Each structure stands twice: as structure tokens, then as C-alpha cells.
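K.L.:
Just entry-v4.pdb, nothing more (PDB, C-alpha atoms, pLDDT in the B column):
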ATOM      1  CA  MET F   1     -92.142  -0.233 -98.248  1.00 53.00           C
ATOM      2  CA  THR F   2     -89.096   0.892 -96.286  1.00 53.00           C
ATOM      3  CA  ALA F   3     -88.408   0.324 -92.609  1.00 58.00           C
ATOM      4  CA  PRO F   4     -88.984   3.213 -90.163  1.00 63.00           C
ATOM      5  CA  GLY F   5     -85.895   5.393 -89.866  1.00 61.00           C
ATOM      6  CA  TYR F   6     -84.454   4.196 -93.185  1.00 58.00           C
ATOM      7  CA  VAL F   7     -83.094   7.019 -95.304  1.00 58.00           C
ATOM      8  CA  HIS F   8     -83.847   6.222 -98.924  1.00 63.00           C
ATOM      9  CA  GLY F   9     -81.261   8.507-100.474  1.00 69.00           C
ATOM     10  CA  ALA F  10     -79.228  11.677-100.234  1.00 72.00           C
ATOM     11  CA  LEU F  11     -78.646  14.476-102.703  1.00 76.00           C
ATOM     12  CA  VAL F  12     -74.949  15.208-103.175  1.00 78.00           C
ATOM     13  CA  HIS F  13     -73.778  17.887-105.587  1.00 77.00           C
ATOM     14  CA  GLY F  14     -71.411  20.811-105.918  1.00 78.00           C
ATOM     15  CA  VAL F  15     -68.330  21.037-103.766  1.00 79.00           C
ATOM     16  CA  SER F  16     -69.713  18.235-101.549  1.00 79.00           C
ATOM     17  CA  ALA F  17     -69.587  15.820-104.486  1.00 80.00           C
ATOM     18  CA  HIS F  18     -66.110  17.038-105.399  1.00 80.00           C
ATOM     19  CA  VAL F  19     -64.737  16.522-101.880  1.00 82.00           C
ATOM     20  CA  LEU F  20     -66.499  13.171-101.377  1.00 83.00           C
ATOM     21  CA  ASP F  21     -65.136  11.943-104.710  1.00 83.00           C
ATOM     22  CA  ARG F  22     -61.600  12.866-103.628  1.00 82.00           C
ATOM     23  CA  LEU F  23     -62.069  11.231-100.218  1.00 83.00           C
ATOM     24  CA  LEU F  24     -63.489   8.037-101.712  1.00 83.00           C
ATOM     25  CA  ALA F  25     -60.442   7.821-103.981  1.00 81.00           C
ATOM     26  CA  SER F  26     -57.953   8.275-101.122  1.00 80.00           C
ATOM     27  CA  PRO F  27     -55.827   5.204-100.349  1.00 79.00           C
ATOM     28  CA  ASN F  28     -57.067   4.919 -96.750  1.00 79.00           C
ATOM     29  CA  VAL F  29     -60.726   4.872 -97.800  1.00 79.00           C
ATOM     30  CA  VAL F  30     -60.089   2.489-100.698  1.00 79.00           C
ATOM     31  CA  GLN F  31     -58.354   0.137 -98.263  1.00 82.00           C
ATOM     32  CA  LEU F  32     -61.245   0.394 -95.774  1.00 82.00           C
ATOM     33  CA  LEU F  33     -63.860  -0.259 -98.456  1.00 82.00           C
ATOM     34  CA  GLY F  34     -61.921  -3.326 -99.533  1.00 83.00           C
ATOM     35  CA  THR F  35     -62.470  -4.869 -96.095  1.00 88.00           C
ATOM     36  CA  LEU F  36     -66.273  -4.652 -96.271  1.00 84.00           C
ATOM     37  CA  PRO F  37     -68.394  -7.745 -96.948  1.00 89.00           C
ATOM     38  CA  GLY F  38     -68.971  -8.546-100.619  1.00 88.00           C
ATOM     39  CA  TRP F  39     -72.733  -8.011-100.430  1.00 89.00           C
ATOM     40  CA  MET F  40     -72.138  -4.315 -99.630  1.00 86.00           C
ATOM     41  CA  ARG F  41     -69.798  -3.617-102.535  1.00 85.00           C
ATOM     42  CA  PRO F  42     -72.263  -3.340-105.480  1.00 86.00           C
ATOM     43  CA  GLU F  43     -74.329  -0.638-103.773  1.00 84.00           C
ATOM     44  CA  LEU F  44     -71.244   1.217-102.542  1.00 84.00           C
ATOM     45  CA  GLU F  45     -69.658   1.060-105.994  1.00 85.00           C
ATOM     46  CA  ALA F  46     -72.842   2.405-107.609  1.00 84.00           C
ATOM     47  CA  THR F  47     -72.900   5.244-105.071  1.00 85.00           C
ATOM     48  CA  ARG F  48     -69.209   5.975-105.687  1.00 84.00           C
ATOM     49  CA  ARG F  49     -69.836   6.181-109.453  1.00 84.00           C
ATOM     50  CA  ALA F  50     -72.825   8.509-108.922  1.00 84.00           C
ATOM     51  CA  ILE F  51     -70.738  10.800-106.712  1.00 84.00           C
ATOM     52  CA  GLY F  52     -67.985  10.719-109.349  1.00 80.00           C
ATOM     53  CA  ARG F  53     -70.451  11.828-112.037  1.00 82.00           C
ATOM     54  CA  ALA F  54     -71.720  14.650-109.801  1.00 80.00           C
ATOM     55  CA  ALA F  55     -68.129  15.713-109.099  1.00 77.00           C
ATOM     56  CA  LEU F  56     -67.344  15.814-112.840  1.00 78.00           C
ATOM     57  CA  GLU F  57     -70.418  17.977-113.457  1.00 80.00           C
ATOM     58  CA  TYR F  58     -69.340  20.330-110.672  1.00 74.00           C
ATOM     59  CA  GLU F  59     -65.762  20.520-111.937  1.00 72.00           C
ATOM     60  CA  ALA F  60     -67.046  21.357-115.448  1.00 73.00           C
ATOM     61  CA  LEU F  61     -69.014  24.387-114.218  1.00 69.00           C
ATOM     62  CA  PRO F  62     -67.660  27.773-115.285  1.00 65.00           C
ATOM     63  CA  ALA F  63     -65.959  29.521-112.378  1.00 51.00           C
ATOM     64  CA  ALA F  64     -68.045  32.688-112.845  1.00 39.00           C
ATOM     65  CA  GLY F  65     -71.234  30.801-112.016  1.00 37.00           C
ATOM     66  CA  ALA F  66     -69.960  29.596-108.687  1.00 39.00           C
ATOM     67  CA  GLY F  67     -70.690  32.732-106.645  1.00 41.00           C
ATOM     68  CA  SER F  68     -68.386  35.035-104.693  1.00 38.00           C
ATOM     69  CA  ALA F  69     -64.798  35.747-105.658  1.00 37.00           C
ATOM     70  CA  GLU F  70     -63.575  33.849-102.578  1.00 36.00           C
ATOM     71  CA  VAL F  71     -65.351  30.665-103.674  1.00 36.00           C
ATOM     72  CA  VAL F  72     -64.090  31.016-107.247  1.00 33.00           C
ATOM     73  CA  GLU F  73     -60.533  31.267-105.964  1.00 34.00           C
ATOM     74  CA  VAL F  74     -60.942  28.125-103.863  1.00 37.00           C
ATOM     75  CA  GLU F  75     -62.701  26.059-106.513  1.00 38.00           C
ATOM     76  CA  ALA F  76     -60.982  27.006-109.761  1.00 37.00           C
ATOM     77  CA  GLY F  77     -57.512  27.313-111.188  1.00 39.00           C
ATOM     78  CA  PRO F  78     -54.339  25.266-111.244  1.00 40.00           C
ATOM     79  CA  SER F  79     -54.398  24.601-107.493  1.00 38.00           C
ATOM     80  CA  LEU F  80     -57.449  22.327-107.853  1.00 42.00           C
ATOM     81  CA  SER F  81     -55.430  19.115-107.631  1.00 53.00           C
ATOM     82  CA  GLN F  82     -52.295  20.496-105.961  1.00 81.00           C
ATOM     83  CA  GLU F  83     -51.013  18.516-103.007  1.00 85.00           C
ATOM     84  CA  ILE F  84     -49.761  20.412 -99.992  1.00 88.00           C
ATOM     85  CA  SER F  85     -47.723  19.597 -96.893  1.00 89.00           C
ATOM     86  CA  THR F  86     -48.823  19.217 -93.276  1.00 91.00           C
ATOM     87  CA  HIS F  87     -47.485  22.695 -92.511  1.00 91.00           C
ATOM     88  CA  GLN F  88     -49.333  24.295 -95.430  1.00 89.00           C
ATOM     89  CA  ALA F  89     -52.561  22.527 -94.418  1.00 89.00           C
ATOM     90  CA  SER F  90     -52.170  23.720 -90.819  1.00 89.00           C
ATOM     91  CA  VAL F  91     -51.813  27.319 -91.997  1.00 88.00           C
ATOM     92  CA  LEU F  92     -54.889  27.075 -94.244  1.00 86.00           C
ATOM     93  CA  LEU F  93     -56.956  25.480 -91.464  1.00 87.00           C
ATOM     94  CA  GLY F  94     -55.635  27.643 -88.657  1.00 87.00           C
ATOM     95  CA  VAL F  95     -54.806  24.597 -86.508  1.00 89.00           C
ATOM     96  CA  GLY F  96     -51.619  22.946 -85.342  1.00 91.00           C
ATOM     97  CA  GLU F  97     -49.699  20.390 -87.363  1.00 91.00           C
ATOM     98  CA  ARG F  98     -50.587  17.697 -84.808  1.00 91.00           C
ATOM     99  CA  ARG F  99     -54.321  18.236 -85.510  1.00 90.00           C
ATOM    100  CA  VAL F 100     -53.652  18.131 -89.260  1.00 90.00           C
ATOM    101  CA  ARG F 101     -51.868  14.770 -88.866  1.00 89.00           C
ATOM    102  CA  GLN F 102     -54.920  13.510 -86.933  1.00 87.00           C
ATOM    103  CA  LEU F 103     -57.172  14.589 -89.809  1.00 85.00           C
ATOM    104  CA  ALA F 104     -54.802  12.888 -92.248  1.00 84.00           C
ATOM    105  CA  ALA F 105     -54.982   9.614 -90.337  1.00 81.00           C
ATOM    106  CA  MET F 106     -58.795   9.821 -90.496  1.00 79.00           C
ATOM    107  CA  GLY F 107     -58.640   9.847 -94.306  1.00 77.00           C
ATOM    108  CA  MET F 108     -58.063  13.477 -95.227  1.00 80.00           C
ATOM    109  CA  GLY F 109     -54.499  12.922 -96.422  1.00 83.00           C
ATOM    110  CA  ARG F 110     -52.216  10.294 -97.834  1.00 84.00           C
ATOM    111  CA  GLN F 111     -48.782   9.266 -96.719  1.00 83.00           C
ATOM    112  CA  VAL F 112     -45.924   9.242 -99.221  1.00 84.00           C
ATOM    113  CA  ALA F 113     -42.396   8.349 -98.139  1.00 86.00           C
ATOM    114  CA  GLY F 114     -43.277   9.045 -94.512  1.00 85.00           C
ATOM    115  CA  ARG F 115     -44.798  12.482 -95.206  1.00 88.00           C
ATOM    116  CA  TRP F 116     -48.482  13.402 -95.218  1.00 88.00           C
ATOM    117  CA  LEU F 117     -49.833  15.055 -98.354  1.00 88.00           C
ATOM    118  CA  PHE F 118     -53.208  16.769 -98.679  1.00 88.00           C
ATOM    119  CA  ASP F 119     -55.371  17.772-101.610  1.00 85.00           C
ATOM    120  CA  ARG F 120     -55.407  21.574-101.388  1.00 83.00           C
ATOM    121  CA  SER F 121     -58.998  21.892-102.621  1.00 82.00           C
ATOM    122  CA  ALA F 122     -60.219  19.401 -99.993  1.00 82.00           C
ATOM    123  CA  VAL F 123     -58.375  21.302 -97.237  1.00 85.00           C
ATOM    124  CA  LEU F 124     -59.875  24.597 -98.419  1.00 83.00           C
ATOM    125  CA  ALA F 125     -63.357  23.079 -98.568  1.00 82.00           C
ATOM    126  CA  TYR F 126     -62.923  21.719 -95.028  1.00 83.00           C
ATOM    127  CA  ALA F 127     -61.696  25.140 -93.839  1.00 83.00           C
ATOM    128  CA  GLU F 128     -64.787  26.752 -95.389  1.00 82.00           C
ATOM    129  CA  HIS F 129     -66.985  24.162 -93.684  1.00 79.00           C
ATOM    130  CA  ARG F 130     -65.340  24.908 -90.312  1.00 77.00           C
ATOM    131  CA  ARG F 131     -65.888  28.659 -90.751  1.00 76.00           C
ATOM    132  CA  GLY F 132     -69.579  28.019 -91.364  1.00 72.00           C
ATOM    133  CA  ARG F 133     -70.051  26.038 -88.138  1.00 58.00           C
ATOM    134  CA  THR F 134     -71.540  27.640 -85.068  1.00 42.00           C
ATOM    135  CA  ASP F 135     -69.733  25.389 -82.607  1.00 45.00           C
ATOM    136  CA  LEU F 136     -65.967  25.026 -82.321  1.00 46.00           C
ATOM    137  CA  THR F 137     -65.715  21.221 -82.092  1.00 47.00           C
ATOM    138  CA  ALA F 138     -64.552  20.638 -85.690  1.00 43.00           C
TER     139      ALA F 138
END
As a first step, turn the structure in this file into C-alpha cells.

P.N.:
Amino acid sequence: MTAPGYVHGALVHGVSAHVLDRLLASPNVVQLLGTLPGWMRPELEATRRAIGRAALEYEALPAAGAGSAEVVEVEAGPSLSQEISTHQASVLLGVGERRVRQLAAMGMGRQVAGRWLFDRSAVLAYAEHRRGRTDLTA
């Protein structure tokens, strides 16, 4: 029997699995996970592997089955793993470069030689998520 308020599991698939897989592989998150107590690691590693499998299934889907043309453009093609600059991310998100650097520091980007780089597909997925929100706090 589980304790009251305990969530037994969560279903993650599609673009959510893809983005979570990318985030979990980012250097900042890997570093953070490395600081957690050892007793947490087996469950977190099993969850990470499950998300990775779901992401692979999503990435293997044919683009035509994904829905609208806009989604196909975001999710398929050579730009899937393309890294972009802070400026390019700010244009895609419609926010200033300062806000993009804040998002990067929270794990959305990685720093290489003093410059922030972003996974284009993750930025586009985040932009889509922001457009779907009813409040403007994102």
C-alpha cells in the first residue's frame, strides 16, 4: 500500500520524452544528479533509461504520423540535433537574450568556451509549450 499523496508513476511519451531525454543528458543535469545520495541513483537511472527508450520510440516515428505540418517541421529533419546560439534561441522564443541565458543556467543549455548553446528541438518544443499556456509567466 502506498502513502497518501504518493504518485505511483507518470506516463511520458512523444515530444515530452524526447525533451526530457535531452535535458537529462545535459551536463548541468548530469552534474546535479551526481550529487544526489546513492540510494536515489538506482531508481533515477531506471527512470532515465525508460525515458530514453520512450524518446527513441518517438524519434523513430514517421514524420507524417505526427500531425500538423508545423509539428512535422519542428520534430523532423536535419535540425533535430542542431545546436543554436543564445541569439537564435531568443528569436525562436520571442524573449530577450538575458532571459535565454537564465533558461540556459537552469539546464536548458550548455556552455562551451564561454558561449551558451541550445538544442534547437528543445527550444522549439519549449516555445510550443509557451504558446499553449494561458498565463504569461513562462

K.L.:
Find the distance between CA of Val15 (chain F) and CA of Arg115 (chain F) and write it in Å to one decimal.

P.N.:
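Calculated distance between CA of Val15 (chain F) and CA of Arg115 (chain F) is 26.5 Å.
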
K.L.:
So how far away is CA of Leu20 (chain F) from CA of Gly52 (chain F), in Å?

P.N.:
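So the two atoms, CA of Gly52 (chain F) and CA of Leu20 (chain F), lie 8.5 Å apart.
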
K.L.:
Rounded to one decimal in Å, what is the spacing between CA of Leu117 (chain F) and CA of Thr35 (chain F)?

P.N.:
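These two atoms are separated by 23.7 Å.
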
K.L.:
Nearest to His87 (chain F) among F:Val100, F:Leu44, F:Leu24, F:Leu11, with distances taken over only C-alpha atoms: which residue is it?

P.N.:
F:Val100

K.L.:
What's around Gly109 (chain F) at 9 Å? Count only C-alpha atoms, leave out sequence neighbours fewer than 5 positions away in its own chain, and write the answer as a PDB file with C-alpha atoms, in the frame of the given file.

P.N.:
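File selection_0.pdb, as written:
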ATOM      1  CA  LEU F  23     -62.069  11.231-100.218  1.00 83.00           C
ATOM      2  CA  SER F  26     -57.953   8.275-101.122  1.00 80.00           C
ATOM      3  CA  PRO F  27     -55.827   5.204-100.349  1.00 79.00           C
ATOM      4  CA  ASN F  28     -57.067   4.919 -96.750  1.00 79.00           C
ATOM      5  CA  VAL F 100     -53.652  18.131 -89.260  1.00 90.00           C
ATOM      6  CA  ARG F 101     -51.868  14.770 -88.866  1.00 89.00           C
ATOM      7  CA  LEU F 103     -57.172  14.589 -89.809  1.00 85.00           C
ATOM      8  CA  ALA F 104     -54.802  12.888 -92.248  1.00 84.00           C
ATOM      9  CA  TRP F 116     -48.482  13.402 -95.218  1.00 88.00           C
ATOM     10  CA  LEU F 117     -49.833  15.055 -98.354  1.00 88.00           C
ATOM     11  CA  PHE F 118     -53.208  16.769 -98.679  1.00 88.00           C
ATOM     12  CA  ASP F 119     -55.371  17.772-101.610  1.00 85.00           C
TER      13      ASP F 119
END

K.L.:
With the PyMOL selection byres ((chain F and resi 17) around 8) as the selection, what would be picked from this file? Answer as a ChimeraX atom specification, please.

P.N.:
/F:12-16,18-21,51-52,54-55,58

K.L.:
From the set F:Arg110, F:His129, F:Arg98, F:Arg120, which residue has the shortest atom-to-atom contact distance to Val30 (chain F), counting all atoms listed in the file?

P.N.:
F:Arg110

K.L.:
With only C-alpha atoms as the basis for distance, which of F:Met106, F:Leu33, F:Val112, F:Val95 is at the shortest distance from Ala127 (chain F)?

P.N.:
F:Val95

K.L.:
Pull region 19-40 of chain F out of the block and emit N, CA and C atoms, as a PDB file, in the first residue's frame.

P.N.:
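New file decode-v8.pdb:
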ATOM      1  N   VAL F  19      12.249  15.589 -25.163  1.00  0.00           N
ATOM      2  CA  VAL F  19      12.830  16.753 -24.489  1.00  0.00           C
ATOM      3  C   VAL F  19      13.421  16.352 -23.135  1.00  0.00           C
ATOM      4  N   LEU F  20      12.708  15.541 -22.370  1.00  0.00           N
ATOM      5  CA  LEU F  20      13.235  15.093 -21.073  1.00  0.00           C
ATOM      6  C   LEU F  20      14.532  14.306 -21.240  1.00  0.00           C
ATOM      7  N   ASP F  21      14.603  13.471 -22.267  1.00  0.00           N
ATOM      8  CA  ASP F  21      15.821  12.712 -22.527  1.00  0.00           C
ATOM      9  C   ASP F  21      16.987  13.652 -22.796  1.00  0.00           C
ATOM     10  N   ARG F  22      16.751  14.682 -23.599  1.00  0.00           N
ATOM     11  CA  ARG F  22      17.802  15.666 -23.896  1.00  0.00           C
ATOM     12  C   ARG F  22      18.206  16.413 -22.629  1.00  0.00           C
ATOM     13  N   LEU F  23      17.222  16.824 -21.833  1.00  0.00           N
ATOM     14  CA  LEU F  23      17.530  17.554 -20.597  1.00  0.00           C
ATOM     15  C   LEU F  23      18.312  16.693 -19.610  1.00  0.00           C
ATOM     16  N   LEU F  24      17.910  15.436 -19.473  1.00  0.00           N
ATOM     17  CA  LEU F  24      18.603  14.542 -18.543  1.00  0.00           C
ATOM     18  C   LEU F  24      20.040  14.267 -18.976  1.00  0.00           C
ATOM     19  N   ALA F  25      20.321  14.420 -20.266  1.00  0.00           N
ATOM     20  CA  ALA F  25      21.673  14.201 -20.767  1.00  0.00           C
ATOM     21  C   ALA F  25      22.520  15.471 -20.736  1.00  0.00           C
ATOM     22  N   SER F  26      21.905  16.620 -20.412  1.00  0.00           N
ATOM     23  CA  SER F  26      22.664  17.871 -20.409  1.00  0.00           C
ATOM     24  C   SER F  26      23.675  17.875 -19.265  1.00  0.00           C
ATOM     25  N   PRO F  27      24.832  18.494 -19.481  1.00  0.00           N
ATOM     26  CA  PRO F  27      25.892  18.474 -18.468  1.00  0.00           C
ATOM     27  C   PRO F  27      25.454  18.996 -17.101  1.00  0.00           C
ATOM     28  N   ASN F  28      24.638  20.042 -17.070  1.00  0.00           N
ATOM     29  CA  ASN F  28      24.198  20.597 -15.786  1.00  0.00           C
ATOM     30  C   ASN F  28      23.365  19.594 -14.999  1.00  0.00           C
ATOM     31  N   VAL F  29      22.467  18.892 -15.675  1.00  0.00           N
ATOM     32  CA  VAL F  29      21.614  17.914 -15.006  1.00  0.00           C
ATOM     33  C   VAL F  29      22.428  16.702 -14.583  1.00  0.00           C
ATOM     34  N   VAL F  30      23.326  16.240 -15.436  1.00  0.00           N
ATOM     35  CA  VAL F  30      24.184  15.107 -15.092  1.00  0.00           C
ATOM     36  C   VAL F  30      24.990  15.436 -13.834  1.00  0.00           C
ATOM     37  N   GLN F  31      25.516  16.652 -13.778  1.00  0.00           N
ATOM     38  CA  GLN F  31      26.287  17.080 -12.611  1.00  0.00           C
ATOM     39  C   GLN F  31      25.398  17.104 -11.359  1.00  0.00           C
ATOM     40  N   LEU F  32      24.191  17.639 -11.480  1.00  0.00           N
ATOM     41  CA  LEU F  32      23.263  17.687 -10.351  1.00  0.00           C
ATOM     42  C   LEU F  32      22.910  16.288  -9.869  1.00  0.00           C
ATOM     43  N   LEU F  33      22.608  15.386 -10.792  1.00  0.00           N
ATOM     44  CA  LEU F  33      22.243  14.025 -10.416  1.00  0.00           C
ATOM     45  C   LEU F  33      23.393  13.308  -9.719  1.00  0.00           C
ATOM     46  N   GLY F  34      24.612  13.663 -10.078  1.00  0.00           N
ATOM     47  CA  GLY F  34      25.775  13.073  -9.447  1.00  0.00           C
ATOM     48  C   GLY F  34      25.940  13.460  -7.986  1.00  0.00           C
ATOM     49  N   THR F  35      25.271  14.527  -7.563  1.00  0.00           N
ATOM     50  CA  THR F  35      25.381  14.975  -6.172  1.00  0.00           C
ATOM     51  C   THR F  35      24.325  14.348  -5.268  1.00  0.00           C
ATOM     52  N   LEU F  36      23.390  13.610  -5.832  1.00  0.00           N
ATOM     53  CA  LEU F  36      22.318  13.003  -5.045  1.00  0.00           C
ATOM     54  C   LEU F  36      22.832  11.801  -4.251  1.00  0.00           C
ATOM     55  N   PRO F  37      22.170  11.492  -3.141  1.00  0.00           N
ATOM     56  CA  PRO F  37      22.584  10.320  -2.352  1.00  0.00           C
ATOM     57  C   PRO F  37      22.501   9.034  -3.170  1.00  0.00           C
ATOM     58  N   GLY F  38      23.400   8.096  -2.868  1.00  0.00           N
ATOM     59  CA  GLY F  38      23.489   6.847  -3.604  1.00  0.00           C
ATOM     60  C   GLY F  38      22.214   6.038  -3.630  1.00  0.00           C
ATOM     61  N   TRP F  39      21.411   6.096  -2.567  1.00  0.00           N
ATOM     62  CA  TRP F  39      20.188   5.295  -2.524  1.00  0.00           C
ATOM     63  C   TRP F  39      19.158   5.765  -3.544  1.00  0.00           C
ATOM     64  N   MET F  40      19.289   7.001  -4.046  1.00  0.00           N
ATOM     65  CA  MET F  40      18.351   7.521  -5.039  1.00  0.00           C
ATOM     66  C   MET F  40      18.730   7.114  -6.463  1.00  0.00           C
TER      67      MET F  40
END
